[in-house]
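**Student:** Structure: structure01.cif, mmCIF, C-alpha atoms.
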data_work
#
loop_
_atom_site.label_atom_id
_atom_site.label_comp_id
_atom_site.auth_asym_id
_atom_site.auth_seq_id
_atom_site.Cartn_x
_atom_site.Cartn_y
_atom_site.Cartn_z
CA MET A 1 10.34 9.93 -11.23
CA ALA A 2 8.10 12.95 -11.89
CA PHE A 3 9.05 16.20 -10.11
CA GLU A 4 12.40 14.85 -8.92
CA GLY A 5 14.39 17.73 -10.45
CA LEU A 6 11.78 20.29 -9.40
CA THR A 7 11.78 19.00 -5.82
CA ASP A 8 15.57 19.27 -5.58
CA LYS A 9 15.62 22.84 -6.92
CA LEU A 10 12.81 24.01 -4.65
CA GLN A 11 14.45 22.48 -1.61
CA ASN A 12 17.72 24.21 -2.49
CA ALA A 13 15.92 27.53 -2.75
CA PHE A 14 14.24 27.11 0.64
CA ARG A 15 17.36 25.79 2.35
CA LYS A 16 19.02 29.19 1.91
CA LEU A 17 16.29 30.79 4.02
CA SER A 18 16.55 28.31 6.88
CA SER A 19 19.32 30.15 8.74
CA LYS A 20 17.72 33.59 8.55
CA GLY A 21 16.07 34.98 11.69
CA LYS A 22 13.80 37.33 9.78
CA LEU A 23 12.59 37.47 6.19
CA THR A 24 13.26 40.63 4.24
CA GLU A 25 11.69 41.53 0.93
CA ALA A 26 15.07 40.92 -0.75
CA ASP A 27 15.26 37.42 0.76
CA VAL A 28 11.82 36.54 -0.54
CA LYS A 29 12.51 37.89 -4.01
CA THR A 30 15.77 35.98 -4.23
CA ALA A 31 14.05 32.75 -3.24
CA MET A 32 11.15 33.41 -5.62
CA ARG A 33 13.57 33.98 -8.48
CA GLU A 34 14.91 30.47 -7.93
CA VAL A 35 11.38 29.08 -7.59
CA ARG A 36 10.43 30.76 -10.88
CA MET A 37 13.38 29.21 -12.69
CA ALA A 38 12.68 25.78 -11.17
CA LEU A 39 9.05 25.86 -12.30
CA LEU A 40 9.92 27.02 -15.82
CA GLU A 41 12.54 24.27 -16.13
CA ALA A 42 9.85 21.79 -15.03
CA ASP A 43 7.86 22.93 -18.09
CA VAL A 44 5.17 24.77 -16.15
CA ASN A 45 3.25 27.29 -18.26
CA PHE A 46 4.92 30.76 -18.20
CA VAL A 47 1.72 32.67 -17.33
CA VAL A 48 0.95 30.17 -14.57
CA VAL A 49 4.45 30.60 -13.12
CA LYS A 50 4.17 34.39 -13.22
CA ASP A 51 0.84 34.43 -11.35
CA PHE A 52 2.00 31.79 -8.87
CA VAL A 53 5.21 33.62 -7.93
CA LYS A 54 3.31 36.88 -7.59
CA LYS A 55 0.81 35.37 -5.14
CA VAL A 56 3.50 33.68 -3.05
CA THR A 57 5.60 36.84 -2.91
CA GLU A 58 2.66 38.99 -1.84
CA ARG A 59 1.87 36.59 0.99
CA ALA A 60 5.48 36.07 2.08
CA VAL A 61 6.62 39.70 2.16
CA GLY A 62 5.75 41.12 5.54
CA ALA A 63 4.07 37.92 6.71
CA ASP A 64 4.15 37.31 10.45
CA ILE A 65 6.47 34.43 11.20
CA LEU A 66 4.75 31.89 13.44
CA ALA A 67 6.60 31.20 16.66
CA SER A 68 7.00 27.51 15.84
CA LEU A 69 8.23 28.03 12.32
CA THR A 70 11.52 29.17 10.86
CA PRO A 71 11.34 31.66 7.97
CA GLY A 72 12.16 28.86 5.51
CA GLN A 73 9.28 26.78 6.84
CA GLN A 74 6.95 29.75 6.57
CA VAL A 75 7.75 30.17 2.88
CA ILE A 76 7.34 26.42 2.30
CA LYS A 77 3.93 26.60 4.02
CA ILE A 78 2.84 29.41 1.72
CA VAL A 79 4.20 27.67 -1.39
CA ASN A 80 2.49 24.43 -0.36
CA GLU A 81 -0.87 26.19 0.04
CA GLU A 82 -0.58 28.04 -3.27
CA LEU A 83 0.56 24.91 -5.14
CA THR A 84 -2.44 23.04 -3.76
CA ALA A 85 -4.79 25.83 -4.85
CA LEU A 86 -3.12 25.99 -8.28
CA MET A 87 -3.79 22.29 -8.91
CA GLY A 88 -7.42 22.49 -7.87
CA GLY A 89 -7.50 22.61 -4.08
CA GLN A 90 -9.17 19.25 -3.51
CA ASN A 91 -9.77 15.90 -5.18
CA ALA A 92 -12.41 16.08 -7.92
CA ARG A 93 -14.44 12.88 -7.86
CA LEU A 94 -16.32 11.26 -10.71
CA THR A 95 -20.01 12.13 -10.81
CA TYR A 96 -22.71 9.53 -11.40
CA SER A 97 -26.01 9.83 -13.24
CA PRO A 98 -29.15 9.49 -11.10
CA GLN A 99 -30.51 7.20 -13.80
CA PRO A 100 -27.99 4.48 -14.84
CA PRO A 101 -25.98 3.82 -16.82
CA THR A 102 -23.51 6.63 -16.19
CA ILE A 103 -21.49 7.28 -19.35
CA TYR A 104 -17.85 8.35 -19.33
CA MET A 105 -16.27 9.26 -22.65
CA LEU A 106 -12.47 9.11 -22.87
CA CYS A 107 -10.77 11.24 -25.52
CA GLY A 108 -7.27 12.39 -26.38
CA LEU A 109 -4.48 12.12 -28.92
CA GLN A 110 -3.13 8.81 -30.16
CA GLY A 111 -0.40 7.48 -27.90
CA ALA A 112 -1.66 9.21 -24.76
CA GLY A 113 -2.69 5.85 -23.27
CA LYS A 114 -6.50 6.04 -23.55
CA THR A 115 -7.10 2.33 -24.08
CA THR A 116 -4.96 1.22 -21.15
CA MET A 117 -6.45 3.98 -19.01
CA ALA A 118 -9.95 2.76 -19.89
CA GLY A 119 -8.99 -0.61 -18.40
CA LYS A 120 -7.41 1.00 -15.33
CA LEU A 121 -10.47 3.15 -14.75
CA GLY A 122 -12.79 0.17 -15.18
CA ASN A 123 -10.68 -1.83 -12.72
CA LEU A 124 -10.79 0.99 -10.17
CA ILE A 125 -14.55 1.49 -10.48
CA LYS A 126 -15.16 -2.26 -10.30
CA LYS A 127 -13.77 -2.24 -6.74
CA ASN A 128 -16.77 -0.12 -5.71
CA ASP A 129 -19.19 -2.99 -6.48
CA LYS A 130 -19.96 -1.61 -9.93
CA LYS A 131 -20.25 -3.53 -13.20
CA PRO A 132 -18.51 -1.30 -15.75
CA LEU A 133 -18.64 -1.85 -19.50
CA LEU A 134 -15.73 -0.90 -21.77
CA VAL A 135 -16.74 0.20 -25.27
CA ALA A 136 -14.36 -0.08 -28.26
CA CYS A 137 -14.99 3.01 -30.39
CA ASP A 138 -11.41 3.33 -31.66
CA VAL A 139 -12.07 1.66 -35.00
CA TYR A 140 -9.10 3.10 -36.89
CA ARG A 141 -5.94 2.22 -34.97
CA PRO A 142 -4.71 -1.30 -35.80
CA ALA A 143 -5.40 -3.76 -32.98
CA ALA A 144 -7.06 -1.12 -30.78
CA ILE A 145 -10.16 -3.27 -30.33
CA LYS A 146 -8.08 -6.34 -29.50
CA GLN A 147 -6.01 -4.31 -27.05
CA LEU A 148 -9.14 -3.20 -25.19
CA GLN A 149 -10.38 -6.80 -25.09
CA VAL A 150 -7.07 -7.97 -23.62
CA VAL A 151 -7.05 -5.18 -21.04
CA GLY A 152 -10.67 -5.85 -20.14
CA GLY A 153 -9.96 -9.56 -19.77
CA GLN A 154 -7.03 -8.89 -17.43
CA VAL A 155 -9.16 -6.84 -15.04
CA GLY A 156 -12.35 -8.85 -15.45
CA VAL A 157 -14.38 -6.08 -17.11
CA GLU A 158 -16.70 -6.81 -20.05
CA VAL A 159 -15.88 -5.21 -23.43
CA PHE A 160 -18.51 -4.20 -26.00
CA GLU A 161 -17.32 -4.12 -29.61
CA ARG A 162 -18.85 -4.20 -33.07
CA GLY A 163 -15.70 -4.36 -35.17
CA GLN A 164 -14.66 -1.47 -37.38
CA GLY A 165 -18.09 0.05 -37.84
CA ASP A 166 -19.49 3.52 -37.18
CA PRO A 167 -18.21 4.76 -33.78
CA VAL A 168 -21.38 6.76 -33.15
CA GLN A 169 -23.62 3.73 -33.76
CA ILE A 170 -21.34 1.49 -31.67
CA ALA A 171 -21.55 3.91 -28.75
CA LYS A 172 -25.34 4.10 -29.06
CA GLU A 173 -25.73 0.30 -29.13
CA ALA A 174 -23.34 -0.05 -26.18
CA VAL A 175 -25.47 2.23 -24.01
CA GLU A 176 -28.61 0.26 -24.93
CA TYR A 177 -26.77 -2.99 -24.12
CA ALA A 178 -25.62 -1.60 -20.75
CA ARG A 179 -29.12 -0.47 -19.88
CA TYR A 180 -30.61 -3.86 -20.76
CA TYR A 181 -27.96 -6.00 -18.99
CA GLY A 182 -27.39 -3.74 -16.00
CA ARG A 183 -23.87 -2.58 -16.80
CA ASP A 184 -22.84 0.66 -15.10
CA PRO A 185 -20.88 2.77 -15.80
CA VAL A 186 -20.15 2.75 -19.54
CA ILE A 187 -16.58 3.76 -20.41
CA ILE A 188 -16.17 4.70 -24.07
CA ASP A 189 -12.67 4.44 -25.57
CA THR A 190 -12.71 6.82 -28.55
CA ALA A 191 -10.26 7.11 -31.42
CA GLY A 192 -7.30 9.47 -31.31
CA ARG A 193 -5.11 11.06 -33.94
CA LEU A 194 -1.44 11.92 -34.02
CA HIS A 195 -2.52 15.56 -33.96
CA ILE A 196 -5.72 17.52 -33.46
CA ASP A 197 -7.84 17.85 -36.59
CA GLU A 198 -11.42 18.82 -37.41
CA LYS A 199 -12.40 15.30 -38.48
CA LEU A 200 -11.42 13.94 -35.05
CA MET A 201 -13.29 16.70 -33.23
CA GLN A 202 -16.42 16.27 -35.32
CA GLU A 203 -16.52 12.54 -34.63
CA LEU A 204 -16.13 13.15 -30.90
CA ARG A 205 -18.89 15.79 -30.98
CA ASP A 206 -21.16 13.32 -32.77
CA VAL A 207 -20.53 10.63 -30.13
CA ARG A 208 -21.07 13.20 -27.37
CA ASP A 209 -24.34 14.48 -28.84
CA THR A 210 -25.66 10.93 -29.38
CA VAL A 211 -24.95 9.30 -26.01
CA LYS A 212 -24.77 12.47 -23.86
CA PRO A 213 -22.00 11.36 -21.49
CA LYS A 214 -22.10 12.38 -17.84
CA GLU A 215 -18.42 13.27 -18.07
CA ILE A 216 -15.94 13.73 -20.90
CA LEU A 217 -12.50 12.80 -19.59
CA LEU A 218 -9.44 13.95 -21.50
CA VAL A 219 -6.43 11.62 -21.31
CA VAL A 220 -3.10 13.42 -21.73
CA ASP A 221 0.49 12.20 -21.58
CA ALA A 222 2.32 13.96 -18.73
CA MET A 223 5.65 13.36 -20.47
CA THR A 224 4.73 15.77 -23.29
CA GLY A 225 4.95 18.73 -20.92
CA GLN A 226 3.59 21.97 -22.34
CA ASP A 227 2.17 20.11 -25.34
CA ALA A 228 -0.15 18.31 -22.92
CA VAL A 229 -1.45 21.66 -21.67
CA THR A 230 -1.98 22.90 -25.23
CA VAL A 231 -3.87 19.71 -26.13
CA ALA A 232 -6.01 20.04 -23.00
CA LYS A 233 -6.94 23.64 -23.82
CA THR A 234 -7.83 22.79 -27.42
CA PHE A 235 -9.98 19.78 -26.51
CA ASN A 236 -11.75 21.80 -23.84
CA ASP A 237 -12.46 24.67 -26.25
CA GLU A 238 -13.69 22.33 -29.00
CA LEU A 239 -15.45 19.63 -27.00
CA GLY A 240 -15.97 20.83 -23.45
CA VAL A 241 -14.23 18.37 -21.14
CA ASP A 242 -15.18 17.74 -17.51
CA GLY A 243 -11.89 16.45 -16.22
CA VAL A 244 -8.35 15.39 -17.11
CA ILE A 245 -6.52 12.11 -16.58
CA LEU A 246 -2.72 12.30 -16.63
CA THR A 247 -0.82 9.23 -17.81
CA LYS A 248 2.85 8.34 -17.33
CA LEU A 249 3.23 10.56 -14.27
CA ASP A 250 5.69 7.95 -13.00
CA GLY A 251 8.01 8.48 -15.96
CA ASP A 252 11.05 10.70 -16.34
CA THR A 253 8.87 13.77 -16.71
CA ARG A 254 9.37 17.30 -15.45
CA GLY A 255 5.78 17.38 -14.20
CA GLY A 256 4.79 20.78 -15.57
CA ALA A 257 1.57 19.44 -17.08
CA ALA A 258 0.23 18.41 -13.66
CA ILE A 259 0.80 21.91 -12.31
CA SER A 260 -0.42 23.83 -15.38
CA VAL A 261 -3.48 21.95 -16.69
CA ARG A 262 -5.95 23.07 -14.03
CA ALA A 263 -4.89 26.72 -14.21
CA VAL A 264 -4.96 26.89 -18.03
CA THR A 265 -8.18 24.95 -18.68
CA GLY A 266 -10.10 25.43 -15.45
CA LYS A 267 -10.77 21.67 -15.51
CA PRO A 268 -9.67 19.42 -12.64
CA ILE A 269 -7.22 16.54 -12.90
CA LYS A 270 -9.25 13.56 -11.66
CA PHE A 271 -6.79 10.67 -11.96
CA ALA A 272 -3.13 9.99 -12.59
CA GLY A 273 -1.49 6.92 -14.10
CA VAL A 274 1.52 6.08 -11.94
CA GLY A 275 2.83 2.85 -13.45
CA GLU A 276 2.42 0.19 -16.09
CA LYS A 277 0.24 -2.20 -14.09
CA LEU A 278 -3.52 -2.00 -14.55
CA SER A 279 -3.81 -1.23 -10.83
CA ASP A 280 -1.45 1.77 -11.14
CA ILE A 281 -4.04 4.54 -11.13
CA GLU A 282 -4.60 7.06 -8.33
CA PRO A 283 -7.23 9.71 -7.68
CA PHE A 284 -5.45 13.05 -8.06
CA HIS A 285 -5.22 14.88 -4.74
CA PRO A 286 -3.75 18.39 -5.20
CA ASP A 287 -2.71 18.68 -1.55
CA ARG A 288 -0.88 15.35 -1.60
CA MET A 289 0.77 16.16 -4.93
CA ALA A 290 1.96 19.49 -3.56
CA SER A 291 3.51 17.66 -0.60
CA ARG A 292 5.31 15.27 -2.98
CA ILE A 293 6.60 18.14 -5.09
CA LEU A 294 8.02 19.85 -2.01
CA GLY A 295 9.59 16.60 -0.78
CA MET A 296 7.28 16.42 2.24
CA GLY A 297 6.05 12.87 1.57
CA ASP A 298 2.49 11.60 1.14
CA VAL A 299 1.35 9.60 4.15
CA LEU A 300 -2.33 9.41 3.16
CA SER A 301 -1.57 7.84 -0.23
CA LEU A 302 0.82 5.44 1.49
CA ILE A 303 -1.95 4.38 3.88
CA GLU A 304 -4.37 3.88 0.97
CA LYS A 305 -1.80 1.75 -0.85
CA ALA A 306 -1.43 -0.40 2.25
CA GLN A 307 -5.21 -0.72 2.64
CA ASP A 308 -5.55 -1.83 -0.98
CA SER A 309 -2.74 -4.37 -0.64
CA PHE A 310 -3.51 -5.88 2.76
CA ASP A 311 -6.49 -8.09 3.44
CA GLU A 312 -8.34 -6.90 6.55
CA GLN A 313 -9.19 -10.40 7.80
CA GLN A 314 -5.62 -11.58 7.32
CA ALA A 315 -4.37 -8.50 9.17
CA GLY A 316 -6.63 -9.36 12.11
CA LYS A 317 -5.36 -12.94 12.17
CA LEU A 318 -1.79 -11.68 11.99
CA VAL A 319 -2.28 -9.47 15.05
CA ALA A 320 -3.72 -12.45 16.96
CA LYS A 321 -0.79 -14.66 15.93
CA VAL A 322 1.80 -12.09 16.99
CA ARG A 323 0.10 -11.65 20.36
CA THR A 324 0.01 -15.39 20.96
CA ASN A 325 3.57 -15.87 19.70
CA SER A 326 2.39 -18.16 16.87
CA PHE A 327 3.71 -16.11 13.92
CA THR A 328 5.18 -18.60 11.42
CA LEU A 329 7.23 -18.57 8.23
CA GLU A 330 3.97 -19.10 6.32
CA ASP A 331 2.68 -15.82 7.76
CA TYR A 332 6.01 -14.17 6.96
CA LEU A 333 5.70 -15.30 3.33
CA ASP A 334 2.15 -13.87 3.13
CA GLN A 335 3.42 -10.52 4.45
CA MET A 336 6.25 -10.38 1.91
CA ARG A 337 3.79 -11.03 -0.92
CA GLN A 338 1.36 -8.37 0.26
CA ILE A 339 4.10 -5.78 0.67
CA SER A 340 5.25 -6.45 -2.91
CA LYS A 341 1.72 -5.54 -4.12
CA MET A 342 2.27 -1.97 -2.92
CA GLY A 343 4.61 -1.39 -5.87
CA SER A 344 8.08 0.07 -6.18
CA ILE A 345 10.04 0.23 -2.92
CA THR A 346 11.50 3.58 -3.99
CA ASP A 347 8.04 5.08 -4.55
CA VAL A 348 6.74 3.77 -1.24
CA LEU A 349 9.73 5.11 0.73
CA LYS A 350 9.42 8.53 -0.92
CA MET A 351 5.88 8.83 0.46
CA ILE A 352 7.31 8.76 3.99
CA PRO A 353 7.92 12.34 5.20
CA GLY A 354 11.60 13.18 5.49
CA LEU A 355 12.83 10.25 3.44
CA GLY A 356 12.39 11.75 -0.04
CA SER A 357 15.42 14.05 0.09
CA LYS A 358 17.55 11.44 1.88
CA LEU A 359 16.88 8.91 -0.89
CA LYS A 360 17.91 11.35 -3.61
CA ASP A 361 21.39 9.86 -3.98
CA VAL A 362 20.41 6.31 -3.02
CA GLU A 363 19.83 4.05 -6.00
CA ILE A 364 17.70 1.06 -5.06
CA ASP A 365 18.00 -1.83 -7.47
CA GLU A 366 14.36 -2.91 -7.74
CA ASP A 367 15.31 -5.99 -9.81
CA LYS A 368 17.78 -7.05 -7.13
CA VAL A 369 15.12 -6.62 -4.44
CA ALA A 370 12.61 -8.65 -6.49
CA LYS A 371 15.15 -11.44 -7.02
CA ALA A 372 15.94 -11.50 -3.30
CA GLN A 373 12.25 -11.85 -2.50
CA LYS A 374 11.84 -14.69 -5.02
CA LYS A 375 14.83 -16.41 -3.47
CA ASN A 376 13.29 -16.07 0.00
CA GLU A 377 9.99 -17.45 -1.30
CA ALA A 378 11.79 -20.42 -2.83
CA ILE A 379 13.57 -21.12 0.46
CA ILE A 380 10.33 -21.05 2.47
CA LEU A 381 8.47 -23.17 -0.10
CA SER A 382 11.28 -25.75 0.01
CA MET A 383 10.51 -26.40 3.65
CA THR A 384 7.96 -28.92 4.86
CA ARG A 385 4.77 -27.60 6.45
CA MET A 386 6.08 -28.65 9.86
CA GLU A 387 9.33 -26.74 9.30
CA ARG A 388 7.50 -23.58 8.18
CA ARG A 389 5.34 -23.70 11.28
CA ASN A 390 8.16 -24.67 13.65
CA PRO A 391 11.38 -23.06 12.33
CA ASP A 392 13.17 -23.83 15.60
CA ILE A 393 13.53 -27.47 14.45
CA LEU A 394 15.72 -26.45 11.50
CA ASN A 395 19.07 -28.10 12.16
CA ALA A 396 22.13 -28.17 9.88
CA SER A 397 21.00 -31.15 7.80
CA ARG A 398 17.53 -29.70 7.23
CA LYS A 399 19.06 -26.37 6.17
CA ARG A 400 21.32 -28.13 3.66
CA ARG A 401 18.30 -29.94 2.19
CA ILE A 402 16.29 -26.68 1.96
CA ALA A 403 19.22 -24.86 0.34
CA ALA A 404 19.63 -27.59 -2.28
CA GLY A 405 15.90 -27.62 -3.01
CA SER A 406 15.63 -23.86 -3.46
CA GLY A 407 18.86 -23.20 -5.34
CA ALA A 408 20.17 -21.18 -2.40
CA THR A 409 23.13 -21.47 -0.08
CA VAL A 410 22.98 -22.43 3.59
CA GLN A 411 24.14 -18.87 4.37
CA GLU A 412 21.09 -17.49 2.53
CA VAL A 413 18.82 -19.83 4.46
CA ASN A 414 20.38 -18.61 7.72
CA LEU A 415 19.97 -14.98 6.63
CA LEU A 416 16.27 -15.51 5.92
CA LEU A 417 15.76 -17.12 9.32
CA LYS A 418 17.56 -14.21 10.98
CA GLN A 419 15.31 -11.70 9.14
CA PHE A 420 12.27 -13.73 10.19
CA ASP A 421 13.36 -13.63 13.84
CA GLN A 422 13.90 -9.86 13.61
CA ALA A 423 10.45 -9.35 12.07
CA ARG A 424 8.79 -11.54 14.71
CA SER A 425 10.58 -9.74 17.55
CA MET A 426 9.86 -6.32 16.09
CA MET A 427 6.13 -6.98 15.69
CA LYS A 428 5.88 -8.48 19.15
CA ASN A 429 7.66 -5.45 20.55
CA VAL A 430 5.32 -3.05 18.71
CA MET A 431 2.24 -4.94 19.92
CA GLY A 432 3.59 -4.70 23.43
CA GLY A 433 4.21 -0.97 23.13
CA GLY A 434 7.96 -1.26 23.44
CA ARG A 435 10.51 1.14 22.04
CA ARG A 436 13.17 -1.07 20.58
CA LYS A 437 14.84 0.25 17.48
CA MET A 438 13.14 -1.09 14.34
CA ARG A 439 15.03 -2.71 11.50
CA ILE A 440 13.91 -3.44 7.98
CA PRO A 441 12.51 -6.98 8.35
CA PHE A 442 11.84 -8.06 4.79
CA GLY A 443 15.35 -8.13 3.37
CA ARG A 444 18.45 -6.03 3.31
CA MET A 445 18.52 -2.71 1.50
CA PRO A 446 20.53 -3.33 -1.66
CA LYS A 447 23.71 -1.41 -2.09
CA SER A 448 23.75 1.41 -4.61
#
Please rewrite the model in this file as structure tokens.

**Tutor:**
Amino acid sequence: MAFEGLTDKLQNAFRKLSSKGKLTEADVKTAMREVRMALLEADVNFVVVKDFVKKVTERAVGADILASLTPGQQVIKIVNEELTALMGGQNARLTYSPQPPTIYMLCGLQGAGKTTMAGKLGNLIKKNDKKPLLVACDVYRPAAIKQLQVVGGQVGVEVFERGQGDPVQIAKEAVEYARYYGRDPVIIDTAGRLHIDEKLMQELRDVRDTVKPKEILLVVDAMTGQDAVTVAKTFNDELGVDGVILTKLDGDTRGGAAISVRAVTGKPIKFAGVGEKLSDIEPFHPDRMASRILGMGDVLSLIEKAQDSFDEQQAGKLVAKVRTNSFTLEDYLDQMRQISKMGSITDVLKMIPGLGSKLKDVEIDEDKVAKAQKKNEAIILSMTRMERRNPDILNASRKRRIAAGSGATVQEVNLLLKQFDQARSMMKNVMGGGRRKMRIPFGRMPKS
């Protein structure tokens, strides 16, 4: 995952300060030397690192230590605040035109993930009761138009294309189409090149001058590190971008681009791609990202993931069922399915404060977890409706039949029923305000 190495190195640097009763200038400089090396190894721009370390050092040297904080926590607080400021301070939202349609123009190098990101962005905007239109202006890359059509079809967003014609004319016709049919916003997927050249820039300037987009959004691959920052600066100088979208931030990347782009270009990061699914896009929150980098978790993003995954009406019904002791295996199956929509278990657990560093050496086999869930689904679906709603009637012969029908063993059926009982008891206890120790209800943690 992104920032994993950086997080470990920063935590090691701060850990050395935790036992000190008072910070000296030498202590701060020693810690900042390690922070500097950690940031440089994470591929953060050298000038950005230099300015960042200088600001943190100036604040930390001679700073009054708050009564409730250890010196190590004080430095972390300062680093957290400066990291947040470095990445933009607060979330930069998309702006909309007062007169629709709003036009967003995506640009970037070939391979950065523009076409997929166009679909992700359309899918995200669609949730706000909008009717976006994707426009295929990448007329050079083989199958680019088809790819956009497939992506649009998967998220239920209309795609406007005119084959391999003039991109400027296609963009112009798309805006007229959107205005006539009430599509808003218009998301233009432009062509990229393997490297920056004048022909690419001129075409983008022509599209920009013709349709006058509300925002030009530059899509950059986070895994390219400092190259991503260089690309961002060049595009901004040549085209004038309004915001950046980072892709592949979930990959094995050092994360330097996320920290450097805002400082080098002055343009905010608006979104981040955090997975391969078309729902794996997040608004970029500098404060939350700083917390992740420092291993402090990200509770707000975790809550938002849960809100996106869980149906509010179903949640209300679930609460009523738990309170009336009518929680069934059908409800349990629904909960398992909704939890799986939240994404990788590892990513979710790392958003919980305090768990990130503890999970460092724990390798969770996501495939094994997914197979276990499918097995549990098969077991529940092999039961009759009466059995799912009244699991207490499951005797030995019924369990053997269910095991045979689901390709499981009787032991696995018993394990599922035990997990169900634990989940039911835990939720009832929580609703009643009790303090019993909670266990993981939706399956055992796989061994590393």

**Student:** Suppose you want the space between CA of Leu17 in chain A and CA of Ala31 in chain A; what is it in Å?

**Tutor:**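 One can read the CA of Leu17 in chain A to CA of Ala31 in chain A distance as 7.8 Å.
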
**Student:** Measure the distance from CA of Gly119 in chain A to CA of Val151 in chain A in Å and round it to one decimal.

**Tutor:**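 Atom-to-atom, CA of Gly119 in chain A to CA of Val151 in chain A, that is 5.6 Å.
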
**Student:** One decimal, in Å: what's the spacing between CA of Cys107 in chain A and CA of Leu249 in chain A?

**Tutor:**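 Computed distance, CA of Cys107 in chain A to CA of Leu249 in chain A, equals 18.0 Å.
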
**Student:** I need the residue nearest Ser326 in chain A from this list: A:Asp27, A:Arg389, A:Pro101, A:Arg398. Use only C-alpha atoms for the distance.

**Tutor:** A:Arg389

**Student:** Decode the PyMOL selection byres ((chain A and resi 124) around 12) for the given file into explicit residues and return them as a PyMOL selection string.

**Tutor:** chain A and resi 94+117-123+125-132+155-157+185+271+273+278-283+308

**Student:** Those selected residues, please, written with C-alpha atoms and delivered as a short mmCIF file (atom, residue, chain, number, x, y, z; two decimals), in the coordinates of the input.

**Tutor:**
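What follows is the written file result-v9.cif:
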data_model
loop_
_atom_site.label_atom_id
_atom_site.label_comp_id
_atom_site.auth_asym_id
_atom_site.auth_seq_id
_atom_site.Cartn_x
_atom_site.Cartn_y
_atom_site.Cartn_z
CA LEU A 94 -16.32 11.26 -10.71
CA MET A 117 -6.45 3.98 -19.01
CA ALA A 118 -9.95 2.76 -19.89
CA GLY A 119 -8.99 -0.61 -18.40
CA LYS A 120 -7.41 1.00 -15.33
CA LEU A 121 -10.47 3.15 -14.75
CA GLY A 122 -12.79 0.17 -15.18
CA ASN A 123 -10.68 -1.83 -12.72
CA ILE A 125 -14.55 1.49 -10.48
CA LYS A 126 -15.16 -2.26 -10.30
CA LYS A 127 -13.77 -2.24 -6.74
CA ASN A 128 -16.77 -0.12 -5.71
CA ASP A 129 -19.19 -2.99 -6.48
CA LYS A 130 -19.96 -1.61 -9.93
CA LYS A 131 -20.25 -3.53 -13.20
CA PRO A 132 -18.51 -1.30 -15.75
CA VAL A 155 -9.16 -6.84 -15.04
CA GLY A 156 -12.35 -8.85 -15.45
CA VAL A 157 -14.38 -6.08 -17.11
CA PRO A 185 -20.88 2.77 -15.80
CA PHE A 271 -6.79 10.67 -11.96
CA GLY A 273 -1.49 6.92 -14.10
CA LEU A 278 -3.52 -2.00 -14.55
CA SER A 279 -3.81 -1.23 -10.83
CA ASP A 280 -1.45 1.77 -11.14
CA ILE A 281 -4.04 4.54 -11.13
CA GLU A 282 -4.60 7.06 -8.33
CA PRO A 283 -7.23 9.71 -7.68
CA ASP A 308 -5.55 -1.83 -0.98
#
